[in-house]
Amino acid sequence: MASETRAETVEDPIQMALFDARIDRGESIEPKDWMPAKYRKQLTRMMSQHAHSEVVGMLPEGNWISRAPSLRRKMSLIAKVQDEGGHGLYIYCGTETLGVDRAELMDQYLYGTAKYSSIFNYPTLSWADMGVIGWLVDGAAIVNQTMLAHASYGPYARAMVRICKEENFHKRQGYELCATLAKGTPAQKAMVQESLNRWWWPSLMMFGPPDKASPNSGDLLRWKVKQKGNDELRQRFVNLTVPQAEAIGLTLPDPDLKKNSETGDWEIGKIDWDEFNAVLAGNGPCNRERIEARRKAHEEGAWVRDAAAAFAAKRAPAAGHAA
Ligand code: FAQ
């Protein structure tokens with residue numbers, strides 16, 4: 001990977017000091033600005049993994065489009081899944097401003113070791129999952145991405161502003177779906193409670209490992225890509241979600257959940273980090289299925305990329321002539 005070669009670079013100390021000063025002043029770093037190779041590499045890693053997550057994230061919900069129980073629900077779900085694909089495209093474009101080729105990113109994702117969010121390796125087993133994903137998964141994404149909308153790298157921060165607006169719609173439709181099921185028949189209430197039980201802990205894992213086990217947080221916080229650590233954002237999400245569950249009469253599946261009267265935080269039980277590590281190592285319930293589906297889509301879409309490239313090549317001389 002080209003950016004890995006660049007990472008070997010020993011930085012000019014003057015350039016480095018000027019860059020750090022810009023970060024300290026809260027300035028936005030733009031694509032043509034000087035930046036340390038390690039900053040570029042960290043951003044490429046994080047942004048491309050984020051883009052892969054948005055795209056693979058279309059699969060669990062896409063699975064239910066043909067089974068939505070009403071036209072209104074089907075329309076919302078189609079729009080949501082389509083939005084997630086769009087988010088992937090914005091973020092891939094943002095990543096390309098760092099000088100990396102999208103085909104290279106795809107290669108690392110589909111045939112290499114690039115990661116994508118652990119949450120999308122879990123199956124969608126009931127219709128209630130469409131509500132719970134919107135509520136919890138998009139809810140967690142909003143907490144994380146509202147912070148990233150202030151990231152020091154301009155193209156990433158700007159992409160997050162629009163994405164967060166759309167994720168807000170996703171979260172609301174998901175929560176409304178859960179509220180409807182929770183006040184429905186006993187079978188509907190049981191279905192949404194069962195779904196919440198399955199998704200709660202994986203949603204907490206979306207924020208990444210604890211700060212003390214997060215090798216990338218040091219660089220990312222220093223360079224103000226991340227403004228907050230993994231644990232603080234996870235706690236913020238828990239504090240927001242506990243009252244939301246109570247409001248619709250659902251119970252979070254954590255017998256140790258309790259409010260700390262001094263800090264006001266809702267303290268949670270132990271997260272199963274062995275499960276998280278197993279998912280990251282490719283052994284979650286759906287890792288193989290998800291990557292196979294993405295490879296198939298990519299390979300079957302080769303003709304579209306070829307046609308678009310041929311069309312662009314055909315237009316290029318004509319455009320040059322006109323100019
Ligand atoms: N899953 O040192 P850290 C969405 C990896 S979008 C998989 O703490 P960092 C919208 C991490 O990459 C969801 N891998 O890493 C939607 C690193 O591995 P590496 C995606 C994870 O970067 C909704 C290693 O562990 N959002 O949901 C995870 O400082 C519904 C060590 O971790 C983003 O990507 C994980 N959960 O912090 C779509 C947001 N956590 O690369 C469809 C942008 C950690 O060194 C439907 N990303 N790892 O080999 C971030 O904010 C950060 O990258 C974190 C991780 C917080 C995810």
# chains A, B, ... in the order shown; residues from 1 in each chain; ligands from 1
>>> residues_around(residues="range 163-177 of chain A", least_positions_apart="2", cutoff="8 Å", atoms="only C-alpha atoms", output="ChimeraX atom specification")
/A:76,80,83,87,128,130-136,138-139,141-142,145-146,159-161,179-181
>>> closest_atom_pairs(of="chain A", to="ligand 1", cutoff="6 Å", atoms="only C-alpha atoms and all ligand atoms", output="Markdown table")
| residue | atom | partner | partner_atom_place_in_ligand_line | distance |
| --- | --- | --- | --- | --- |
| A:Met46 | CA | ligand 1 | 53 (O) | 4.9 |
| A:Gln49 | CA | ligand 1 | 34 (O) | 5.7 |
| A:His50 | CA | ligand 1 | 34 (O) | 3.4 |
| A:Ser53 | CA | ligand 1 | 20 (C) | 5.2 |
| A:Glu54 | CA | ligand 1 | 38 (C) | 4.3 |
| A:Gly57 | CA | ligand 1 | 42 (C) | 3.8 |
| A:Met58 | CA | ligand 1 | 42 (C) | 5.5 |
| A:Glu84 | CA | ligand 1 | 42 (C) | 5.3 |
| A:Lys115 | CA | ligand 1 | 14 (N) | 5.6 |
| A:Tyr116 | CA | ligand 1 | 7 (C) | 5.1 |
| A:Ser117 | CA | ligand 1 | 1 (N) | 3.5 |
| A:Ser118 | CA | ligand 1 | 1 (N) | 3.7 |
| A:Val137 | CA | ligand 1 | 23 (C) | 5.3 |
| A:Asp138 | CA | ligand 1 | 23 (C) | 4.5 |
| A:Ala141 | CA | ligand 1 | 27 (O) | 4.8 |
| A:Asn144 | CA | ligand 1 | 51 (O) | 6.0 |
| A:Met205 | CA | ligand 1 | 36 (N) | 5.4 |
| A:Met206 | CA | ligand 1 | 36 (N) | 3.5 |
| A:Phe207 | CA | ligand 1 | 56 (C) | 4.6 |
| A:Gly208 | CA | ligand 1 | 40 (N) | 3.2 |
| A:Pro209 | CA | ligand 1 | 8 (O) | 5.3 |
| A:Ser214 | CA | ligand 1 | 2 (O) | 3.6 |
| A:Pro215 | CA | ligand 1 | 2 (O) | 4.1 |
| A:Asn216 | CA | ligand 1 | 2 (O) | 3.7 |
| A:Ser217 | CA | ligand 1 | 29 (O) | 4.3 |
| A:Asn230 | CA | ligand 1 | 56 (C) | 5.9 |
| A:Leu280 | CA | ligand 1 | 7 (C) | 5.7 |
>>> closest_atom_pairs(of="range 151-202 of chain A", to="range 14-23 of chain A", cutoff="12 Å", atoms="only C-alpha atoms", output="Markdown table")
| residue | atom | partner | partner_atom | distance |
| --- | --- | --- | --- | --- |
| A:Ala151 | CA | A:Ile23 | CA | 10.2 |
| A:Ser152 | CA | A:Ile23 | CA | 7.0 |
| A:Tyr153 | CA | A:Ile23 | CA | 9.7 |
| A:Gly154 | CA | A:Ile23 | CA | 11.9 |
>>> residues_around(residues="range 195-202 of chain A", least_positions_apart="6", cutoff="6 Å", atoms="only C-alpha atoms", output="mmCIF file with C-alpha atoms, in the first residue's frame")
data_model
loop_
_atom_site.group_PDB
_atom_site.id
_atom_site.type_symbol
_atom_site.label_atom_id
_atom_site.label_comp_id
_atom_site.auth_asym_id
_atom_site.auth_seq_id
_atom_site.Cartn_x
_atom_site.Cartn_y
_atom_site.Cartn_z
ATOM 1 C CA ILE A 119 -21.842 -4.911 14.089
ATOM 2 C CA ASP A 129 -34.325 -6.033 14.021
ATOM 3 C CA PRO A 253 -30.321 -7.015 28.897
#
>>> closest_residue(among="A:Glu11, A:Leu125, A:Cys178, A:Asp219", to="Trp34 in chain A", atoms="only C-alpha atoms")
A:Glu11
>>> residues_around(residues="Leu220 in chain A", least_positions_apart="4", cutoff="9 Å", atoms="only C-alpha atoms", output="ChimeraX atom specification")
/A:39,42-43,216,224-227
>>> residues_around(residues="His52 in chain A", least_positions_apart="4", cutoff="7 Å", atoms="only C-alpha atoms", output="PyMOL selection string")
chain A and resi 48+56+88+116
>>> write_last_selection(atoms="all heavy atoms", output="JSON list (two decimals), in the first residue's frame")
[["chain", "number", "residue", "atom", "x", "y", "z"],
["A", 48, "SER", "N", -11.41, 4.65, 5.23],
["A", 48, "SER", "CA", -11.77, 3.56, 4.31],
["A", 48, "SER", "C", -12.54, 2.48, 5.06],
["A", 48, "SER", "O", -13.52, 1.94, 4.56],
["A", 48, "SER", "CB", -10.54, 3.00, 3.60],
["A", 48, "SER", "OG", -9.61, 2.48, 4.54],
["A", 56, "VAL", "N", -21.16, -2.44, 3.56],
["A", 56, "VAL", "CA", -21.53, -3.79, 4.02],
["A", 56, "VAL", "C", -22.77, -3.70, 4.91],
["A", 56, "VAL", "O", -23.59, -4.64, 4.97],
["A", 56, "VAL", "CB", -20.35, -4.49, 4.71],
["A", 56, "VAL", "CG1", -20.16, -4.05, 6.15],
["A", 56, "VAL", "CG2", -20.51, -6.01, 4.68],
["A", 88, "GLY", "N", -21.34, 5.50, 2.06],
["A", 88, "GLY", "CA", -20.11, 4.83, 1.66],
["A", 88, "GLY", "C", -19.43, 5.61, 0.53],
["A", 88, "GLY", "O", -18.22, 5.84, 0.56],
["A", 116, "TYR", "N", -14.06, -3.77, 8.81],
["A", 116, "TYR", "CA", -15.30, -2.99, 8.75],
["A", 116, "TYR", "C", -16.01, -3.24, 10.07],
["A", 116, "TYR", "O", -15.65, -4.17, 10.81],
["A", 116, "TYR", "CB", -16.17, -3.37, 7.53],
["A", 116, "TYR", "CG", -16.58, -4.82, 7.50],
["A", 116, "TYR", "CD1", -17.73, -5.26, 8.18],
["A", 116, "TYR", "CD2", -15.81, -5.77, 6.82],
["A", 116, "TYR", "CE1", -18.10, -6.60, 8.17],
["A", 116, "TYR", "CE2", -16.19, -7.11, 6.81],
["A", 116, "TYR", "CZ", -17.33, -7.52, 7.48],
["A", 116, "TYR", "OH", -17.70, -8.84, 7.49]]
>>> atom_distance(atom1="CA of Asn121 in chain A", atom2="CA of Val242 in chain A")
24.3 Å
>>> closest_residue(among="A:Tyr156, A:Trp266, A:Phe311, A:Trp273", to="Glu30 in chain A", atoms="only C-alpha atoms")
A:Tyr156
>>> residues_around(residues="Asn239 in chain A", least_positions_apart="6", cutoff="9 Å", atoms="only C-alpha atoms", output="ChimeraX atom specification")
/A:264-267
>>> atom_distance(atom1="CA of Asp274 in chain A", atom2="CA of Ile291 in chain A")
21.4 Å
>>> atom_distance(atom1="CA of Phe237 in chain A", atom2="CA of Ser203 in chain A")
9.6 Å
>>> residues_around(residues="Asp256 in chain A", least_positions_apart="5", cutoff="9 Å", atoms="only C-alpha atoms", output="list of chain:residue names")
A:Glu267, A:Ile268, A:Gly269, A:Lys270
>>> write_last_selection(atoms="all heavy atoms", output="PDB file, in the first residue's frame")
ATOM      1  N   GLU A 267     -23.946   2.938  34.657  1.00  0.00           N
ATOM      2  CA  GLU A 267     -22.804   2.018  34.574  1.00  0.00           C
ATOM      3  C   GLU A 267     -23.279   0.666  34.072  1.00  0.00           C
ATOM      4  O   GLU A 267     -24.325   0.170  34.497  1.00  0.00           O
ATOM      5  CB  GLU A 267     -22.140   1.889  35.948  1.00  0.00           C
ATOM      6  CG  GLU A 267     -21.450   3.193  36.334  1.00  0.00           C
ATOM      7  CD  GLU A 267     -20.894   3.182  37.753  1.00  0.00           C
ATOM      8  OE1 GLU A 267     -21.163   2.216  38.501  1.00  0.00           O
ATOM      9  OE2 GLU A 267     -20.198   4.148  38.097  1.00  0.00           O
ATOM     10  N   ILE A 268     -22.492   0.089  33.171  1.00  0.00           N
ATOM     11  CA  ILE A 268     -22.894  -1.175  32.541  1.00  0.00           C
ATOM     12  C   ILE A 268     -22.079  -2.344  33.097  1.00  0.00           C
ATOM     13  O   ILE A 268     -21.034  -2.146  33.713  1.00  0.00           O
ATOM     14  CB  ILE A 268     -22.716  -1.116  30.999  1.00  0.00           C
ATOM     15  CG1 ILE A 268     -21.279  -0.755  30.619  1.00  0.00           C
ATOM     16  CG2 ILE A 268     -23.710  -0.168  30.374  1.00  0.00           C
ATOM     17  CD1 ILE A 268     -20.980  -0.909  29.146  1.00  0.00           C
ATOM     18  N   GLY A 269     -22.567  -3.555  32.822  1.00  0.00           N
ATOM     19  CA  GLY A 269     -21.822  -4.764  33.190  1.00  0.00           C
ATOM     20  C   GLY A 269     -20.643  -4.956  32.245  1.00  0.00           C
ATOM     21  O   GLY A 269     -20.292  -4.066  31.461  1.00  0.00           O
ATOM     22  N   LYS A 270     -20.081  -6.143  32.297  1.00  0.00           N
ATOM     23  CA  LYS A 270     -18.848  -6.410  31.556  1.00  0.00           C
ATOM     24  C   LYS A 270     -19.142  -6.719  30.082  1.00  0.00           C
ATOM     25  O   LYS A 270     -19.991  -7.567  29.788  1.00  0.00           O
ATOM     26  CB  LYS A 270     -18.172  -7.627  32.207  1.00  0.00           C
ATOM     27  CG  LYS A 270     -16.680  -7.524  32.269  1.00  0.00           C
ATOM     28  CD  LYS A 270     -16.129  -8.629  33.186  1.00  0.00           C
ATOM     29  CE  LYS A 270     -14.660  -8.867  32.997  1.00  0.00           C
ATOM     30  NZ  LYS A 270     -14.197  -9.032  31.659  1.00  0.00           N
TER      31      LYS A 270
END
>>> select_by_dssp(residues="range 217-268 of chain A", states="alpha helix (DSSP H)", output="mmCIF file with all heavy atoms, in the first residue's frame")
data_model
loop_
_atom_site.group_PDB
_atom_site.id
_atom_site.type_symbol
_atom_site.label_atom_id
_atom_site.label_comp_id
_atom_site.auth_asym_id
_atom_site.auth_seq_id
_atom_site.Cartn_x
_atom_site.Cartn_y
_atom_site.Cartn_z
ATOM 1 N N SER A 217 -5.939 5.367 19.231
ATOM 2 C CA SER A 217 -6.529 6.568 19.838
ATOM 3 C C SER A 217 -5.493 7.661 20.114
ATOM 4 O O SER A 217 -5.810 8.848 19.974
ATOM 5 C CB SER A 217 -7.264 6.220 21.135
ATOM 6 O OG SER A 217 -8.511 5.663 20.833
ATOM 7 N N GLY A 218 -4.278 7.262 20.496
ATOM 8 C CA GLY A 218 -3.260 8.270 20.821
ATOM 9 C C GLY A 218 -3.044 9.244 19.672
ATOM 10 O O GLY A 218 -3.226 10.464 19.824
ATOM 11 N N ASP A 219 -2.710 8.722 18.503
ATOM 12 C CA ASP A 219 -2.497 9.573 17.311
ATOM 13 C C ASP A 219 -3.757 10.362 16.970
ATOM 14 O O ASP A 219 -3.705 11.550 16.677
ATOM 15 C CB ASP A 219 -2.223 8.693 16.076
ATOM 16 C CG ASP A 219 -0.796 8.189 16.013
ATOM 17 O OD1 ASP A 219 0.048 8.708 16.760
ATOM 18 O OD2 ASP A 219 -0.556 7.263 15.199
ATOM 19 N N LEU A 220 -4.878 9.641 16.969
ATOM 20 C CA LEU A 220 -6.115 10.267 16.464
ATOM 21 C C LEU A 220 -6.590 11.392 17.382
ATOM 22 O O LEU A 220 -7.099 12.411 16.911
ATOM 23 C CB LEU A 220 -7.216 9.219 16.298
ATOM 24 C CG LEU A 220 -6.950 8.152 15.219
ATOM 25 C CD1 LEU A 220 -8.007 7.059 15.252
ATOM 26 C CD2 LEU A 220 -6.910 8.776 13.823
ATOM 27 N N LEU A 221 -6.391 11.238 18.683
ATOM 28 C CA LEU A 221 -6.795 12.293 19.628
ATOM 29 C C LEU A 221 -5.818 13.467 19.546
ATOM 30 O O LEU A 221 -6.222 14.625 19.531
ATOM 31 C CB LEU A 221 -6.865 11.743 21.051
ATOM 32 C CG LEU A 221 -8.057 10.817 21.343
ATOM 33 C CD1 LEU A 221 -7.836 10.048 22.647
ATOM 34 C CD2 LEU A 221 -9.371 11.598 21.405
ATOM 35 N N ARG A 222 -4.536 13.136 19.453
ATOM 36 C CA ARG A 222 -3.516 14.202 19.369
ATOM 37 C C ARG A 222 -3.761 15.074 18.151
ATOM 38 O O ARG A 222 -3.618 16.294 18.195
ATOM 39 C CB ARG A 222 -2.134 13.545 19.291
ATOM 40 C CG ARG A 222 -0.990 14.510 19.000
ATOM 41 C CD ARG A 222 0.338 13.911 19.420
ATOM 42 N NE ARG A 222 0.720 12.789 18.585
ATOM 43 C CZ ARG A 222 1.640 12.846 17.612
ATOM 44 N NH1 ARG A 222 2.268 13.985 17.368
ATOM 45 N NH2 ARG A 222 1.946 11.780 16.907
ATOM 46 N N ASN A 230 -12.889 6.178 22.963
ATOM 47 C CA ASN A 230 -13.932 5.154 22.750
ATOM 48 C C ASN A 230 -14.846 5.017 23.970
ATOM 49 O O ASN A 230 -16.065 4.895 23.840
ATOM 50 C CB ASN A 230 -13.283 3.798 22.456
ATOM 51 C CG ASN A 230 -12.417 3.810 21.203
ATOM 52 O OD1 ASN A 230 -12.369 4.803 20.470
ATOM 53 N ND2 ASN A 230 -11.721 2.704 20.940
ATOM 54 N N ASP A 231 -14.251 5.015 25.174
ATOM 55 C CA ASP A 231 -15.063 4.783 26.383
ATOM 56 C C ASP A 231 -16.024 5.935 26.654
ATOM 57 O O ASP A 231 -17.171 5.710 27.057
ATOM 58 C CB ASP A 231 -14.140 4.580 27.601
ATOM 59 C CG ASP A 231 -13.386 3.252 27.514
ATOM 60 O OD1 ASP A 231 -13.958 2.275 26.990
ATOM 61 O OD2 ASP A 231 -12.225 3.194 27.956
ATOM 62 N N GLU A 232 -15.564 7.148 26.435
ATOM 63 C CA GLU A 232 -16.440 8.298 26.714
ATOM 64 C C GLU A 232 -17.652 8.300 25.778
ATOM 65 O O GLU A 232 -18.784 8.561 26.187
ATOM 66 C CB GLU A 232 -15.637 9.606 26.578
ATOM 67 C CG GLU A 232 -16.471 10.814 26.960
ATOM 68 C CD GLU A 232 -15.700 12.129 26.944
ATOM 69 O OE1 GLU A 232 -14.453 12.117 26.975
ATOM 70 O OE2 GLU A 232 -16.375 13.180 26.897
ATOM 71 N N LEU A 233 -17.410 7.965 24.505
ATOM 72 C CA LEU A 233 -18.536 7.945 23.547
ATOM 73 C C LEU A 233 -19.494 6.803 23.869
ATOM 74 O O LEU A 233 -20.715 6.957 23.781
ATOM 75 C CB LEU A 233 -18.013 7.821 22.121
ATOM 76 C CG LEU A 233 -17.273 9.066 21.607
ATOM 77 C CD1 LEU A 233 -16.741 8.821 20.212
ATOM 78 C CD2 LEU A 233 -18.171 10.295 21.602
ATOM 79 N N ARG A 234 -18.916 5.646 24.247
ATOM 80 C CA ARG A 234 -19.775 4.502 24.611
ATOM 81 C C ARG A 234 -20.674 4.901 25.797
ATOM 82 O O ARG A 234 -21.868 4.630 25.808
ATOM 83 C CB ARG A 234 -18.882 3.310 24.977
ATOM 84 C CG ARG A 234 -19.654 2.033 25.207
ATOM 85 C CD ARG A 234 -18.781 0.787 25.397
ATOM 86 N NE ARG A 234 -17.374 0.976 25.520
ATOM 87 C CZ ARG A 234 -16.484 0.695 24.569
ATOM 88 N NH1 ARG A 234 -16.864 0.165 23.436
ATOM 89 N NH2 ARG A 234 -15.192 0.916 24.755
ATOM 90 N N GLN A 235 -20.068 5.580 26.777
ATOM 91 C CA GLN A 235 -20.841 5.998 27.956
ATOM 92 C C GLN A 235 -21.941 6.987 27.560
ATOM 93 O O GLN A 235 -23.073 6.910 28.051
ATOM 94 C CB GLN A 235 -19.899 6.637 28.990
ATOM 95 C CG GLN A 235 -20.572 6.971 30.305
ATOM 96 C CD GLN A 235 -21.106 5.728 31.012
ATOM 97 O OE1 GLN A 235 -20.359 4.820 31.320
ATOM 98 N NE2 GLN A 235 -22.417 5.668 31.267
ATOM 99 N N ARG A 236 -21.595 7.892 26.662
ATOM 100 C CA ARG A 236 -22.604 8.874 26.212
ATOM 101 C C ARG A 236 -23.793 8.145 25.577
ATOM 102 O O ARG A 236 -24.953 8.477 25.808
ATOM 103 C CB ARG A 236 -21.955 9.828 25.201
ATOM 104 C CG ARG A 236 -22.871 10.947 24.769
ATOM 105 C CD ARG A 236 -22.178 11.937 23.859
ATOM 106 N NE ARG A 236 -21.149 12.703 24.544
ATOM 107 C CZ ARG A 236 -20.454 13.689 23.991
ATOM 108 N NH1 ARG A 236 -20.673 14.026 22.739
ATOM 109 N NH2 ARG A 236 -19.545 14.331 24.681
ATOM 110 N N PHE A 237 -23.481 7.150 24.769
ATOM 111 C CA PHE A 237 -24.545 6.375 24.094
ATOM 112 C C PHE A 237 -25.417 5.646 25.131
ATOM 113 O O PHE A 237 -26.645 5.657 25.043
ATOM 114 C CB PHE A 237 -23.896 5.380 23.118
ATOM 115 C CG PHE A 237 -24.855 4.400 22.505
ATOM 116 C CD1 PHE A 237 -25.789 4.811 21.569
ATOM 117 C CD2 PHE A 237 -24.818 3.057 22.859
ATOM 118 C CE1 PHE A 237 -26.677 3.896 20.996
ATOM 119 C CE2 PHE A 237 -25.695 2.137 22.296
ATOM 120 C CZ PHE A 237 -26.631 2.565 21.359
ATOM 121 N N VAL A 238 -24.776 5.034 26.120
ATOM 122 C CA VAL A 238 -25.545 4.322 27.159
ATOM 123 C C VAL A 238 -26.468 5.319 27.874
ATOM 124 O O VAL A 238 -27.669 5.059 28.054
ATOM 125 C CB VAL A 238 -24.593 3.625 28.167
ATOM 126 C CG1 VAL A 238 -25.371 3.060 29.351
ATOM 127 C CG2 VAL A 238 -23.799 2.518 27.488
ATOM 128 N N ASN A 239 -25.917 6.469 28.254
ATOM 129 C CA ASN A 239 -26.716 7.454 28.999
ATOM 130 C C ASN A 239 -27.920 7.937 28.188
ATOM 131 O O ASN A 239 -28.983 8.208 28.745
ATOM 132 C CB ASN A 239 -25.854 8.652 29.402
ATOM 133 C CG ASN A 239 -24.840 8.290 30.481
ATOM 134 O OD1 ASN A 239 -24.907 7.215 31.074
ATOM 135 N ND2 ASN A 239 -23.898 9.179 30.742
ATOM 136 N N LEU A 240 -27.736 8.033 26.880
ATOM 137 C CA LEU A 240 -28.860 8.469 26.031
ATOM 138 C C LEU A 240 -29.889 7.353 25.873
ATOM 139 O O LEU A 240 -31.096 7.612 25.797
ATOM 140 C CB LEU A 240 -28.352 8.837 24.625
ATOM 141 C CG LEU A 240 -27.588 10.147 24.469
ATOM 142 C CD1 LEU A 240 -26.909 10.197 23.101
ATOM 143 C CD2 LEU A 240 -28.555 11.326 24.622
ATOM 144 N N THR A 241 -29.422 6.110 25.809
ATOM 145 C CA THR A 241 -30.307 5.008 25.416
ATOM 146 C C THR A 241 -31.129 4.449 26.570
ATOM 147 O O THR A 241 -32.264 4.011 26.361
ATOM 148 C CB THR A 241 -29.469 3.895 24.729
ATOM 149 O OG1 THR A 241 -28.658 4.502 23.731
ATOM 150 C CG2 THR A 241 -30.341 2.852 24.072
ATOM 151 N N VAL A 242 -30.579 4.458 27.782
ATOM 152 C CA VAL A 242 -31.314 3.872 28.922
ATOM 153 C C VAL A 242 -32.710 4.519 29.065
ATOM 154 O O VAL A 242 -33.722 3.805 29.086
ATOM 155 C CB VAL A 242 -30.490 3.963 30.232
ATOM 156 C CG1 VAL A 242 -31.335 3.531 31.425
ATOM 157 C CG2 VAL A 242 -29.237 3.099 30.129
ATOM 158 N N PRO A 243 -32.801 5.849 29.118
ATOM 159 C CA PRO A 243 -34.155 6.424 29.251
ATOM 160 C C PRO A 243 -35.047 6.167 28.038
ATOM 161 O O PRO A 243 -36.269 6.074 28.167
ATOM 162 C CB PRO A 243 -33.912 7.929 29.442
ATOM 163 C CG PRO A 243 -32.472 8.173 29.230
ATOM 164 C CD PRO A 243 -31.740 6.864 29.220
ATOM 165 N N GLN A 244 -34.437 6.029 26.864
ATOM 166 C CA GLN A 244 -35.250 5.745 25.667
ATOM 167 C C GLN A 244 -35.891 4.357 25.783
ATOM 168 O O GLN A 244 -37.060 4.170 25.420
ATOM 169 C CB GLN A 244 -34.385 5.825 24.396
ATOM 170 C CG GLN A 244 -33.949 7.252 24.071
ATOM 171 C CD GLN A 244 -32.819 7.314 23.049
ATOM 172 O OE1 GLN A 244 -32.355 6.285 22.543
ATOM 173 N NE2 GLN A 244 -32.383 8.515 22.742
ATOM 174 N N ALA A 245 -35.131 3.392 26.282
ATOM 175 C CA ALA A 245 -35.689 2.040 26.466
ATOM 176 C C ALA A 245 -36.820 2.086 27.497
ATOM 177 O O ALA A 245 -37.901 1.519 27.285
ATOM 178 C CB ALA A 245 -34.586 1.078 26.906
ATOM 179 N N GLU A 246 -36.563 2.783 28.594
ATOM 180 C CA GLU A 246 -37.591 2.886 29.652
ATOM 181 C C GLU A 246 -38.865 3.508 29.106
ATOM 182 O O GLU A 246 -39.969 3.046 29.407
ATOM 183 C CB GLU A 246 -37.067 3.762 30.801
ATOM 184 C CG GLU A 246 -36.224 2.968 31.791
ATOM 185 C CD GLU A 246 -35.582 3.865 32.865
ATOM 186 O OE1 GLU A 246 -35.907 5.078 32.931
ATOM 187 O OE2 GLU A 246 -34.751 3.340 33.600
ATOM 188 N N ALA A 247 -38.702 4.534 28.272
ATOM 189 C CA ALA A 247 -39.877 5.275 27.772
ATOM 190 C C ALA A 247 -40.805 4.389 26.953
ATOM 191 O O ALA A 247 -42.008 4.654 26.882
ATOM 192 C CB ALA A 247 -39.414 6.475 26.942
#
